[in-house]
$ cat run.txt   # compact mmCIF, C-alpha atoms
# COMPACT_ATOMS: atom_id res chain seq x y z
CA MET A 21 -45.05 -41.66 -48.49
CA PRO A 22 -47.07 -44.37 -50.31
CA ALA A 23 -47.34 -44.34 -54.08
CA ILE A 24 -49.61 -41.84 -55.84
CA THR A 25 -52.05 -43.71 -58.08
CA LEU A 26 -54.26 -42.24 -60.80
CA THR A 27 -56.85 -44.69 -62.12
CA GLY A 28 -59.04 -43.92 -65.13
CA VAL A 29 -58.59 -40.18 -64.53
CA ALA A 30 -60.13 -37.83 -67.09
CA LYS A 31 -60.69 -34.09 -67.22
CA SER A 32 -62.87 -32.10 -69.58
CA TYR A 33 -64.05 -28.51 -69.49
CA GLY A 34 -67.67 -27.72 -70.23
CA GLY A 35 -68.31 -31.09 -71.79
CA GLY A 36 -65.90 -30.38 -74.65
CA GLU A 37 -62.60 -31.97 -75.57
CA HIS A 38 -60.83 -33.91 -72.85
CA ALA A 39 -57.65 -32.31 -71.53
CA VAL A 40 -56.80 -35.69 -69.95
CA LYS A 41 -58.21 -39.00 -71.16
CA ASN A 42 -58.47 -42.21 -69.11
CA LEU A 43 -55.11 -41.76 -67.40
CA ASP A 44 -53.63 -44.66 -65.43
CA LEU A 45 -50.38 -43.63 -63.75
CA THR A 46 -48.47 -44.63 -60.62
CA VAL A 47 -45.82 -42.40 -59.05
CA PRO A 48 -43.69 -44.63 -56.77
CA ASP A 49 -42.72 -43.51 -53.28
CA GLY A 50 -39.58 -41.35 -53.40
CA ALA A 51 -39.60 -41.11 -57.19
CA PHE A 52 -38.70 -38.05 -59.24
CA MET A 53 -41.41 -38.33 -61.89
CA CYS A 54 -41.35 -35.97 -64.88
CA LEU A 55 -44.56 -35.42 -66.84
CA LEU A 56 -43.19 -34.65 -70.30
CA GLY A 57 -44.94 -33.56 -73.45
CA PRO A 58 -45.74 -30.69 -75.81
CA SER A 59 -47.92 -27.73 -74.86
CA GLY A 60 -51.55 -28.73 -74.43
CA CYS A 61 -50.86 -32.41 -73.81
CA GLY A 62 -52.51 -32.40 -70.36
CA LYS A 63 -49.44 -32.56 -68.11
CA THR A 64 -50.18 -29.40 -66.09
CA THR A 65 -53.84 -30.38 -65.76
CA THR A 66 -52.70 -33.74 -64.37
CA LEU A 67 -50.42 -32.01 -61.86
CA ARG A 68 -53.20 -29.66 -60.77
CA MET A 69 -55.56 -32.61 -60.25
CA ILE A 70 -52.97 -34.31 -58.03
CA ALA A 71 -52.62 -31.05 -56.08
CA GLY A 72 -56.40 -30.69 -55.73
CA LEU A 73 -56.59 -27.41 -57.67
CA GLU A 74 -58.64 -29.18 -60.36
CA GLN A 75 -61.20 -31.91 -59.85
CA PRO A 76 -61.29 -34.82 -62.31
CA THR A 77 -64.45 -35.50 -64.27
CA ALA A 78 -63.83 -39.25 -64.04
CA GLY A 79 -61.56 -41.65 -62.19
CA THR A 80 -59.78 -41.89 -58.85
CA ILE A 81 -56.65 -40.33 -57.34
CA ALA A 82 -55.21 -42.01 -54.27
CA VAL A 83 -52.11 -41.89 -52.09
CA GLY A 84 -51.62 -45.40 -50.82
CA ASP A 85 -54.97 -46.43 -49.33
CA ARG A 86 -56.11 -42.82 -48.89
CA VAL A 87 -58.44 -41.70 -51.69
CA LEU A 88 -58.10 -38.00 -52.51
CA ASP A 89 -60.52 -37.85 -55.44
CA SER A 90 -63.25 -40.25 -56.48
CA VAL A 91 -65.86 -39.08 -58.94
CA GLU A 92 -67.87 -42.26 -58.47
CA ARG A 93 -68.00 -41.84 -54.67
CA GLY A 94 -68.28 -38.04 -54.76
CA LEU A 95 -65.12 -37.72 -52.67
CA TYR A 96 -62.79 -34.71 -52.82
CA VAL A 97 -59.99 -33.75 -50.40
CA PRO A 98 -59.10 -30.01 -50.57
CA PRO A 99 -55.51 -28.99 -51.44
CA GLU A 100 -54.52 -27.89 -47.94
CA LYS A 101 -55.29 -31.35 -46.54
CA ARG A 102 -53.29 -33.36 -49.08
CA GLY A 103 -49.84 -32.86 -47.54
CA MET A 104 -48.38 -31.66 -50.82
CA GLY A 105 -46.35 -28.61 -51.81
CA LEU A 106 -46.76 -26.85 -55.15
CA VAL A 107 -44.19 -24.61 -56.84
CA PHE A 108 -45.70 -22.46 -59.58
CA GLN A 109 -44.06 -21.43 -62.83
CA ASN A 110 -44.08 -17.75 -61.79
CA TYR A 111 -42.69 -18.41 -58.23
CA ALA A 112 -45.59 -16.49 -56.54
CA LEU A 113 -43.40 -14.81 -53.89
CA TRP A 114 -44.83 -12.02 -51.73
CA PRO A 115 -42.98 -8.86 -52.86
CA HIS A 116 -43.46 -7.05 -49.52
CA LEU A 117 -42.03 -9.90 -47.44
CA SER A 118 -38.38 -10.73 -46.95
CA VAL A 119 -36.97 -14.04 -48.16
CA ARG A 120 -37.14 -15.41 -44.62
CA ASP A 121 -40.75 -14.28 -44.18
CA ASN A 122 -41.74 -15.75 -47.55
CA VAL A 123 -40.34 -19.12 -46.53
CA GLU A 124 -42.01 -18.91 -43.11
CA PHE A 125 -45.39 -18.02 -44.61
CA GLY A 126 -46.73 -21.57 -44.94
CA LEU A 127 -45.54 -22.42 -41.45
CA ARG A 128 -47.21 -19.30 -40.08
CA MET A 129 -50.51 -20.39 -41.68
CA ARG A 130 -50.11 -23.74 -39.91
CA LYS A 131 -49.56 -21.88 -36.61
CA VAL A 132 -46.10 -23.35 -36.08
CA PRO A 133 -44.40 -21.70 -33.05
CA ALA A 134 -42.00 -18.88 -33.94
CA PRO A 135 -38.73 -20.57 -32.84
CA GLU A 136 -39.50 -23.75 -34.79
CA ARG A 137 -40.74 -21.70 -37.73
CA ARG A 138 -37.50 -19.73 -37.92
CA ALA A 139 -35.33 -22.84 -37.58
CA ARG A 140 -37.18 -24.72 -40.33
CA ALA A 141 -37.11 -21.71 -42.65
CA GLU A 142 -33.38 -21.24 -42.16
CA ALA A 143 -32.73 -24.96 -42.70
CA ALA A 144 -34.72 -24.91 -45.96
CA LEU A 145 -32.90 -21.82 -47.21
CA LYS A 146 -29.58 -23.43 -46.36
CA MET A 147 -30.57 -26.54 -48.31
CA VAL A 148 -31.13 -24.48 -51.47
CA HIS A 149 -28.06 -22.29 -50.82
CA VAL A 150 -29.89 -18.95 -50.39
CA ASP A 151 -29.42 -18.55 -46.65
CA ALA A 152 -27.09 -15.56 -47.20
CA ALA A 153 -29.99 -13.62 -48.77
CA MET A 154 -32.70 -14.36 -46.19
CA ASP A 155 -33.09 -10.69 -45.19
CA ARG A 156 -33.47 -9.42 -48.76
CA TYR A 157 -36.69 -8.94 -50.72
CA PRO A 158 -37.66 -10.89 -53.88
CA SER A 159 -36.96 -7.85 -56.10
CA GLN A 160 -33.34 -7.92 -54.91
CA LEU A 161 -32.81 -11.51 -56.08
CA SER A 162 -31.94 -13.04 -59.43
CA GLY A 163 -34.40 -15.35 -61.17
CA GLY A 164 -32.46 -18.40 -60.02
CA GLN A 165 -32.47 -17.20 -56.41
CA GLN A 166 -36.21 -16.51 -56.53
CA GLN A 167 -36.74 -20.04 -57.82
CA ARG A 168 -34.74 -21.42 -54.92
CA VAL A 169 -36.76 -19.37 -52.42
CA ALA A 170 -39.98 -20.78 -53.88
CA LEU A 171 -38.55 -24.27 -53.43
CA ALA A 172 -37.44 -23.48 -49.87
CA ARG A 173 -40.94 -22.27 -49.00
CA MET A 174 -42.33 -25.66 -50.01
CA LEU A 175 -39.54 -27.65 -48.35
CA ALA A 176 -39.99 -25.78 -45.05
CA VAL A 177 -43.48 -27.21 -44.54
CA ASN A 178 -42.02 -30.70 -45.08
CA PRO A 179 -44.50 -31.91 -47.70
CA SER A 180 -44.55 -35.60 -48.53
CA VAL A 181 -44.97 -34.69 -52.22
CA LEU A 182 -43.44 -31.75 -54.07
CA LEU A 183 -45.25 -30.68 -57.25
CA LEU A 184 -43.33 -28.47 -59.70
CA ASP A 185 -45.05 -26.82 -62.67
CA GLU A 186 -42.36 -25.89 -65.22
CA PRO A 187 -40.43 -23.90 -62.60
CA LEU A 188 -37.29 -23.50 -64.73
CA SER A 189 -38.90 -22.12 -67.89
CA ASN A 190 -38.23 -18.48 -66.93
CA LEU A 191 -34.50 -19.00 -66.33
CA ASP A 192 -31.64 -18.56 -68.76
CA ALA A 193 -29.65 -21.60 -69.95
CA ARG A 194 -26.92 -21.35 -67.30
CA LEU A 195 -29.37 -20.98 -64.42
CA ARG A 196 -31.47 -23.87 -65.75
CA LEU A 197 -28.39 -26.09 -65.74
CA GLU A 198 -27.58 -25.02 -62.17
CA MET A 199 -31.14 -25.53 -60.95
CA ARG A 200 -31.40 -28.98 -62.57
CA ALA A 201 -28.39 -30.06 -60.50
CA GLU A 202 -29.88 -28.42 -57.38
CA LEU A 203 -33.26 -30.12 -57.79
CA LYS A 204 -31.59 -33.49 -58.21
CA ARG A 205 -29.53 -32.89 -55.07
CA ILE A 206 -32.59 -31.73 -53.10
CA HIS A 207 -34.47 -34.87 -54.15
CA GLU A 208 -31.61 -37.10 -53.02
CA GLU A 209 -31.24 -35.29 -49.69
CA SER A 210 -34.90 -34.83 -48.81
CA GLY A 211 -36.23 -38.16 -50.08
CA ALA A 212 -39.48 -36.43 -51.09
CA THR A 213 -41.60 -37.67 -53.95
CA ILE A 214 -41.38 -35.10 -56.76
CA VAL A 215 -43.73 -34.70 -59.72
CA PHE A 216 -42.23 -32.28 -62.22
CA VAL A 217 -44.00 -30.90 -65.30
CA THR A 218 -41.85 -29.89 -68.27
CA HIS A 219 -41.84 -29.74 -72.05
CA ASP A 220 -38.03 -29.80 -72.05
CA GLN A 221 -36.81 -33.34 -72.70
CA LEU A 222 -33.31 -32.48 -71.44
CA GLU A 223 -34.75 -31.61 -68.02
CA ALA A 224 -36.66 -34.89 -67.95
CA LEU A 225 -33.73 -37.05 -69.05
CA THR A 226 -31.20 -35.47 -66.69
CA MET A 227 -33.28 -35.21 -63.50
CA ALA A 228 -36.00 -37.84 -63.44
CA THR A 229 -36.00 -41.36 -62.09
CA ASP A 230 -39.16 -41.97 -64.15
CA VAL A 231 -40.55 -40.15 -67.19
CA ALA A 232 -44.20 -40.18 -68.29
CA VAL A 233 -44.70 -38.89 -71.84
CA MET A 234 -48.13 -37.49 -72.70
CA ASN A 235 -49.69 -36.36 -75.95
CA GLU A 236 -53.19 -34.98 -76.57
CA GLY A 237 -54.29 -35.95 -73.08
CA GLU A 238 -53.15 -39.56 -73.35
CA LEU A 239 -50.24 -41.34 -71.68
CA GLN A 240 -47.79 -42.66 -74.27
CA GLN A 241 -45.11 -44.33 -72.15
CA VAL A 242 -43.71 -44.51 -68.62
CA ALA A 243 -40.09 -45.58 -68.24
CA ALA A 244 -36.70 -44.71 -66.80
CA PRO A 245 -35.08 -41.92 -68.88
CA MET A 246 -32.52 -44.01 -70.80
CA ASP A 247 -34.94 -46.91 -71.24
CA MET A 248 -37.35 -44.49 -72.90
CA TYR A 249 -34.57 -43.09 -75.08
CA ASP A 250 -33.32 -46.53 -76.15
CA ARG A 251 -36.70 -48.23 -76.38
CA PRO A 252 -39.44 -45.70 -77.25
CA ALA A 253 -42.90 -47.25 -77.17
CA ASN A 254 -44.10 -45.60 -80.38
CA ARG A 255 -43.30 -43.07 -83.08
CA PHE A 256 -44.45 -40.09 -81.03
CA VAL A 257 -42.09 -40.88 -78.15
CA ALA A 258 -39.26 -41.70 -80.58
CA GLU A 259 -39.57 -38.35 -82.33
CA PHE A 260 -40.25 -36.29 -79.19
CA VAL A 261 -37.42 -37.65 -77.03
CA GLY A 262 -34.01 -36.89 -78.51
CA SER A 263 -32.31 -33.83 -80.00
CA PRO A 264 -32.01 -33.72 -82.93
CA PRO A 265 -35.06 -35.97 -83.13
CA MET A 266 -35.05 -39.45 -84.59
CA VAL A 267 -35.58 -39.45 -88.37
CA ILE A 268 -38.37 -41.87 -89.25
CA VAL A 269 -38.80 -42.95 -92.87
CA ASP A 270 -42.18 -44.37 -93.94
CA VAL A 271 -41.80 -47.51 -96.01
CA GLY A 272 -45.10 -47.56 -97.89
CA PRO A 273 -46.41 -50.30 -100.21
CA SER A 274 -43.74 -49.87 -102.91
CA PRO A 275 -40.69 -48.40 -101.17
CA ALA A 276 -37.98 -46.79 -103.24
CA GLY A 277 -34.98 -44.62 -102.50
CA LEU A 278 -33.92 -44.53 -98.84
CA ALA A 279 -37.13 -46.24 -97.69
CA GLY A 280 -36.43 -49.18 -99.99
CA SER A 281 -32.79 -49.37 -98.92
CA LEU A 282 -33.66 -49.41 -95.21
CA LEU A 283 -36.49 -51.92 -95.67
CA ARG A 284 -34.36 -54.36 -97.63
CA PHE A 285 -31.67 -54.24 -94.97
CA ALA A 286 -34.17 -54.54 -92.08
CA GLU A 287 -35.94 -57.51 -93.67
CA SER A 288 -32.62 -59.25 -94.31
CA ARG A 289 -31.71 -58.97 -90.62
CA LEU A 290 -35.17 -59.20 -89.02
CA PRO A 291 -37.28 -61.27 -91.42
CA GLU A 292 -40.02 -61.80 -88.80
CA CYS A 293 -40.80 -58.03 -88.77
CA SER A 294 -42.93 -56.23 -91.33
CA PRO A 295 -42.19 -52.59 -90.53
CA ALA A 296 -44.23 -49.70 -91.84
CA ALA A 297 -41.45 -47.26 -90.93
CA VAL A 298 -37.77 -47.33 -90.02
CA GLY A 299 -36.13 -44.82 -87.65
CA ILE A 300 -32.49 -43.81 -87.09
CA ARG A 301 -31.25 -41.52 -84.33
CA PRO A 302 -28.76 -38.88 -85.58
CA GLU A 303 -26.13 -39.92 -83.04
CA ALA A 304 -26.36 -43.51 -84.35
CA LEU A 305 -25.60 -42.39 -87.92
CA ARG A 306 -21.87 -42.48 -88.64
CA LEU A 307 -19.69 -41.09 -91.44
CA GLY A 308 -16.80 -42.97 -93.03
CA PRO A 309 -16.00 -46.56 -94.00
CA PRO A 310 -18.50 -48.95 -92.40
CA PRO A 311 -17.21 -51.73 -90.15
CA GLY A 312 -18.55 -55.10 -91.23
CA ALA A 313 -22.13 -55.85 -92.22
CA THR A 314 -23.97 -52.63 -91.42
CA TRP A 315 -26.49 -50.60 -93.40
CA CYS A 316 -24.64 -48.00 -95.48
CA GLU A 317 -25.30 -45.63 -98.38
CA GLU A 318 -23.54 -42.76 -100.09
CA ALA A 319 -24.65 -39.32 -98.94
CA VAL A 320 -24.12 -35.73 -100.03
CA VAL A 321 -23.14 -33.32 -97.26
CA GLU A 322 -25.49 -30.31 -97.27
CA ALA A 323 -24.34 -28.51 -94.11
CA VAL A 324 -21.99 -28.92 -91.16
CA LEU A 325 -23.26 -27.24 -87.98
CA PRO A 326 -20.70 -26.99 -85.15
CA ALA A 327 -22.14 -26.91 -81.63
CA GLY A 328 -19.04 -26.76 -79.47
CA SER A 329 -18.72 -30.30 -78.19
CA SER A 330 -20.43 -31.90 -81.21
CA TRP A 331 -21.10 -31.38 -84.91
CA THR A 332 -24.48 -31.85 -86.58
CA VAL A 333 -24.26 -32.81 -90.26
CA ARG A 334 -27.20 -32.51 -92.66
CA LEU A 335 -27.04 -35.15 -95.34
CA ARG A 336 -28.96 -35.97 -98.52
CA VAL A 337 -29.20 -39.75 -98.71
CA LEU A 338 -30.82 -40.89 -101.96
CA ASP A 339 -34.12 -38.96 -101.83
CA THR A 340 -34.25 -38.12 -98.10
CA GLU A 341 -32.68 -35.62 -95.72
CA LEU A 342 -30.97 -37.15 -92.68
CA TYR A 343 -29.00 -35.71 -89.78
CA ALA A 344 -25.88 -37.19 -88.20
CA VAL A 345 -24.29 -36.09 -84.92
CA SER A 346 -20.54 -36.48 -84.55
CA TYR A 347 -18.53 -36.00 -81.36
CA THR A 348 -15.26 -35.71 -83.28
CA PRO A 349 -14.42 -32.93 -85.80
CA VAL A 350 -16.05 -33.41 -89.21
CA GLU A 351 -13.63 -32.94 -92.09
CA ALA A 352 -16.26 -33.02 -94.85
CA ALA A 353 -17.57 -29.82 -96.44
CA PRO A 354 -20.91 -29.05 -98.14
CA GLY A 355 -21.08 -30.81 -101.50
CA ASP A 356 -18.77 -33.67 -100.50
CA VAL A 357 -19.91 -37.24 -101.04
CA VAL A 358 -19.39 -39.47 -98.00
CA THR A 359 -20.50 -42.89 -96.82
CA CYS A 360 -22.99 -42.97 -93.95
CA TRP A 361 -23.79 -46.08 -91.96
CA THR A 362 -25.51 -47.20 -88.79
CA GLU A 363 -25.46 -50.14 -86.41
CA ARG A 364 -28.84 -49.35 -84.88
CA MET A 365 -32.28 -48.76 -86.38
CA HIS A 366 -35.79 -48.86 -84.93
CA LEU A 367 -38.74 -50.55 -86.65
CA PHE A 368 -42.33 -49.34 -86.28
CA GLY A 369 -45.64 -50.92 -87.24
CA ALA A 370 -48.54 -49.40 -89.15
CA ASP A 371 -50.17 -48.31 -85.86
CA GLY A 372 -47.01 -46.41 -84.84
CA ALA A 373 -45.99 -48.90 -82.15
CA ARG A 374 -42.33 -49.87 -82.01
CA LEU A 375 -41.83 -53.44 -83.19
CA SER A 376 -38.17 -54.02 -82.52
CA ALA A 377 -34.69 -52.65 -83.11
CA TRP A 378 -31.54 -53.91 -84.78
CA ASP A 379 -28.24 -53.00 -83.15
CA GLY A 380 -25.58 -54.69 -85.29
CA MET A 381 -25.78 -57.92 -83.33
CA GLY A 382 -29.40 -58.72 -84.15
CA ALA A 383 -32.84 -57.93 -82.80
CA VAL A 384 -33.20 -56.20 -79.43
CA ALA A 385 -36.34 -55.56 -77.41
$ encode --input "run.txt" --output "structure tokens"
Amino acid sequence: MPAITLTGVAKSYGGGEHAVKNLDLTVPDGAFMCLLGPSGCGKTTTLRMIAGLEQPTAGTIAVGDRVLDSVERGLYVPPEKRGMGLVFQNYALWPHLSVRDNVEFGLRMRKVPAPERRARAEAALKMVHVDAAMDRYPSQLSGGQQQRVALARMLAVNPSVLLLDEPLSNLDARLRLEMRAELKRIHEESGATIVFVTHDQLEALTMATDVAVMNEGELQQVAAPMDMYDRPANRFVAEFVGSPPMVIVDVGPSPAGLAGSLLRFAESRLPECSPAAVGIRPEALRLGPPPGATWCEEAVVEAVLPAGSSWTVRLRVLDTELYAVSYTPVEAAPGDVVTCWTERMHLFGADGARLSAWDGMGAVA
């Protein structure tokens, strides 16, 4: 399957605000691309335009050399001729059909012969581990099983592209974890190109080969998951990707308190930068005696929040609230004064773009 390319794509409704603005995006062949962003950022609209359920008001959508949408040329290929499979958020299973018949439905519409239809349906159900329930009805399945049946229905027709619109949002935490692993396995086994819409950063970071972050209809950054986490393009991506989110302190014209402390340290290490804000991820903030020449300040512990495998600590550092994440037990109690330090901080310009980072050894890209 050639790459999916969106060039200058925009979508507006009734001439009002644009749901998607001038989007340039390439989904490589065989990629697992996650469209990530808050509600209303345009990610589902983008997915629906790729599927052909929505028509763009500007721009071009192409698969390799085949143009699917071109506003300038007045070209539009209907959904059923795009060779793509779409899994909806609500599964959309026929309640009166058995699991097997639901999975065979798309093949039946394509007039696939019955023996081949049955074999492909059973193979798809086996791939998603629901073959033991093929004679049941959707009402007799759990939410996770229904999700797998919806996936099997799409896989059975052998689409070159699988489009998933927040399919895990209706599942509980355990089922979401299980289905994330299943989707990753299915992608590796099938080799299909997957475009997955989610507002859950954990889903994007754990499953995707590429993540595209959107906000207010505009593309903010496209990168591999850990590249995006380590090198966010701007303040929005830095604060959206990560839990707890990165704390970003505005420097201002006459910085004092924590802002002044961070700026003085940043300028002493990276004199070529003139940051308007400095950011620290909670997991990069440490408690205890600092090793060597790192930024450090005294902090008052306000709360210790255990989370099983980690501890989140709320601190008051000079005039600002910060969070630290520890993966070893925290001995401090609320009211204690501790030393906090970090070997990594991110610097941002006045326009919100990331300038650089300092990681204890010097500047990094």
$ residues_around --input "run.txt" --residues "Thr213 (chain A)" --least-positions-apart "3" --cutoff "10 Å" --atoms "all atoms listed in the file" --output "ChimeraX atom specification"
/A:21-24,47-53,104,179-183,207,210,216
$ closest_atom_pairs --input "run.txt" --of "region 83-200 of chain A" --to "region 25-46 of chain A" --cutoff "12 Å" --atoms "all atoms listed in the file" --output "JSON lines"
{"residue": "A:Val83", "atom": "CA", "partner": "A:Thr25", "partner_atom": "CA", "distance": 6.3}
{"residue": "A:Gly84", "atom": "CA", "partner": "A:Thr25", "partner_atom": "CA", "distance": 7.5}
{"residue": "A:Asp85", "atom": "CA", "partner": "A:Thr25", "partner_atom": "CA", "distance": 9.6}
{"residue": "A:Arg86", "atom": "CA", "partner": "A:Thr25", "partner_atom": "CA", "distance": 10.1}
{"residue": "A:Val87", "atom": "CA", "partner": "A:Thr25", "partner_atom": "CA", "distance": 9.3}
{"residue": "A:Leu88", "atom": "CA", "partner": "A:Thr25", "partner_atom": "CA", "distance": 10.0}
{"residue": "A:Asp89", "atom": "CA", "partner": "A:Leu26", "partner_atom": "CA", "distance": 9.3}
{"residue": "A:Ser90", "atom": "CA", "partner": "A:Val29", "partner_atom": "CA", "distance": 9.3}
{"residue": "A:Val91", "atom": "CA", "partner": "A:Val29", "partner_atom": "CA", "distance": 9.2}
{"residue": "A:Glu92", "atom": "CA", "partner": "A:Gly28", "partner_atom": "CA", "distance": 11.2}
$ residues_around --input "run.txt" --residues "region 200-203 of chain A" --least-positions-apart "5" --cutoff "8 Å" --atoms "all atoms listed in the file" --output "JSON, numbers by chain"
{"A": [148, 223, 226, 227]}
$ closest_atom_pairs --input "run.txt" --of "region 159-270 of chain A" --to "region 355-366 of chain A" --cutoff "12 Å" --atoms "only C-alpha atoms" --output "JSON lines"
{"residue": "A:Tyr249", "atom": "CA", "partner": "A:His366", "partner_atom": "CA", "distance": 11.5}
{"residue": "A:Asp250", "atom": "CA", "partner": "A:His366", "partner_atom": "CA", "distance": 9.4}
{"residue": "A:Arg251", "atom": "CA", "partner": "A:His366", "partner_atom": "CA", "distance": 8.6}
{"residue": "A:Pro252", "atom": "CA", "partner": "A:His366", "partner_atom": "CA", "distance": 9.1}
{"residue": "A:Ala253", "atom": "CA", "partner": "A:His366", "partner_atom": "CA", "distance": 10.6}
{"residue": "A:Asn254", "atom": "CA", "partner": "A:His366", "partner_atom": "CA", "distance": 10.0}
{"residue": "A:Arg255", "atom": "CA", "partner": "A:His366", "partner_atom": "CA", "distance": 9.7}
{"residue": "A:Ala258", "atom": "CA", "partner": "A:His366", "partner_atom": "CA", "distance": 9.1}
{"residue": "A:Glu259", "atom": "CA", "partner": "A:His366", "partner_atom": "CA", "distance": 11.5}
{"residue": "A:Met266", "atom": "CA", "partner": "A:His366", "partner_atom": "CA", "distance": 9.4}
{"residue": "A:Val267", "atom": "CA", "partner": "A:His366", "partner_atom": "CA", "distance": 10.0}
{"residue": "A:Ile268", "atom": "CA", "partner": "A:His366", "partner_atom": "CA", "distance": 8.6}
{"residue": "A:Val269", "atom": "CA", "partner": "A:His366", "partner_atom": "CA", "distance": 10.3}
{"residue": "A:Asp270", "atom": "CA", "partner": "A:His366", "partner_atom": "CA", "distance": 11.9}
$ closest_residue --input "run.txt" --among "A:Leu305, A:Asp185, A:Thr314, A:Glu198" --to "Cys54 (chain A)" --atoms "all atoms listed in the file"
A:Asp185
$ atom_distance --input "run.txt" --atom1 "CA of Tyr157 (chain A)" --atom2 "CA of Ala172 (chain A)"
14.6 Å
$ atom_distance --input "run.txt" --atom1 "CA of Ala296 (chain A)" --atom2 "CA of Gly277 (chain A)"
15.0 Å
$ residues_around --input "run.txt" --residues "Val333 (chain A)" --least-positions-apart "3" --cutoff "7 Å" --atoms "only C-alpha atoms" --output "VMD selection string"
chain A and resid 323 to 325 343 to 345
$ atom_distance --input "run.txt" --atom1 "CA of Leu191 (chain A)" --atom2 "CA of Gly163 (chain A)"
6.3 Å
$ closest_residue --input "run.txt" --among "A:Gly369, A:Pro265, A:Pro354, A:Gly94" --to "Leu342 (chain A)" --atoms "all atoms listed in the file"
A:Pro265
$ closest_residue --input "run.txt" --among "A:Gly262, A:Glu317, A:Val123, A:Glu236" --to "Asp339 (chain A)" --atoms "all atoms listed in the file"
A:Glu317
$ closest_residue --input "run.txt" --among "A:Leu222, A:Leu113, A:Val177, A:Asp247" --to "Glu136 (chain A)" --atoms "all atoms listed in the file"
A:Val177
$ residues_around --input "run.txt" --residues "Leu225 (chain A)" --least-positions-apart "6" --cutoff "8 Å" --atoms "all atoms listed in the file" --output "list in words"
Val231, Pro245 and Met246 of chain A
$ closest_residue --input "run.txt" --among "A:Arg194, A:Arg168, A:Lys101, A:Lys204" --to "Asn122 (chain A)" --atoms "all atoms listed in the file"
A:Arg168
$ closest_residue --input "run.txt" --among "A:Leu73, A:Ala112, A:Ala78, A:Val257" --to "Pro98 (chain A)" --atoms "only C-alpha atoms"
A:Leu73
